[in-house]
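As structure tokens, the structure follows; a few thoughts come after it.
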Amino acid sequence: MVFMPNKSTADYLFEKAEQCFRRSRSNSTVRVELEALGNVFMVKAVELDVKLQNLAKANYTAALPVRA
């Protein structure tokens with residue numbers, strides 16, 4: 001069975017960005033387009049990662065006992 005990552009995960013987006021950056025170094029005819037696509041993937045990955053961290057922090061804070 002082949003593992004297919006969820007397309008909404010930040011790790012998947014980071015990997016796709018890295019693939020674009022690697023390919024842009026080897027193919028000069030589409031370098032600009034691949035770098036731009038890699039940047040888009042990287043921005044989406046960072047946005048998702050920040051949202052997940054904020055959600056985790058909110059859940060942790062909500063789980064703390066209330067002190068009077």
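Following the order of the structure tokens, first chain is A, next is B, and so on, with residues numbered from 1 inside each chain and ligands from 1 in the order they appear.
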List as a list in words the protein and nucleic acid residues near A:Val46, meaning an atom at most 10 Å away when only C-alpha atoms are counted, but skip any in the same chain fewer than 5 places from it.
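Near neighbours after the sequence-gap exclusion: Ala10, Asp11, Leu13, Phe14, Phe41, Lys51 and Leu52 of chain A.
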Please produce an output containing N, CA and C atoms for each residue in the selection, written as an mmCIF file, in the first residue's frame.
data_model
loop_
_atom_site.group_PDB
_atom_site.id
_atom_site.type_symbol
_atom_site.label_atom_id
_atom_site.label_comp_id
_atom_site.auth_asym_id
_atom_site.auth_seq_id
_atom_site.Cartn_x
_atom_site.Cartn_y
_atom_site.Cartn_z
ATOM 1 N N ALA A 10 0.813 20.729 6.070
ATOM 2 C CA ALA A 10 1.917 21.659 5.818
ATOM 3 C C ALA A 10 3.145 20.916 5.292
ATOM 4 N N ASP A 11 3.392 19.720 5.798
ATOM 5 C CA ASP A 11 4.555 18.956 5.332
ATOM 6 C C ASP A 11 4.466 18.641 3.846
ATOM 7 N N LEU A 13 2.911 20.401 1.578
ATOM 8 C CA LEU A 13 3.129 21.643 0.855
ATOM 9 C C LEU A 13 4.605 22.033 0.851
ATOM 10 N N PHE A 14 5.285 21.827 1.992
ATOM 11 C CA PHE A 14 6.726 22.087 2.041
ATOM 12 C C PHE A 14 7.463 21.199 1.048
ATOM 13 N N PHE A 41 3.575 27.458 -2.860
ATOM 14 C CA PHE A 41 3.469 26.312 -1.956
ATOM 15 C C PHE A 41 4.036 26.646 -0.576
ATOM 16 N N LYS A 51 -1.671 28.470 11.412
ATOM 17 C CA LYS A 51 -3.051 28.214 11.846
ATOM 18 C C LYS A 51 -3.122 26.997 12.764
ATOM 19 N N LEU A 52 -2.399 25.938 12.412
ATOM 20 C CA LEU A 52 -2.406 24.727 13.240
ATOM 21 C C LEU A 52 -1.765 24.978 14.599
#
| message | Residues near A:Ala36, anyone? I mean within 12 Å using only C-alpha atoms, not counting same-chain ones fewer than 2 positions away, as a PyMOL selection string. | response | chain A and resi 17-18+20-21+23-24+30-34+38-43
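Atom CA of A:Thr9 lies 10.8 Å from atom CA of A:Glu47.
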Atom pair atom CA of A:Lys44 / atom CA of A:Tyr12: separation (Å)
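Taking atom CA of A:Lys44 and atom CA of A:Tyr12, their separation equals 10.5 Å.
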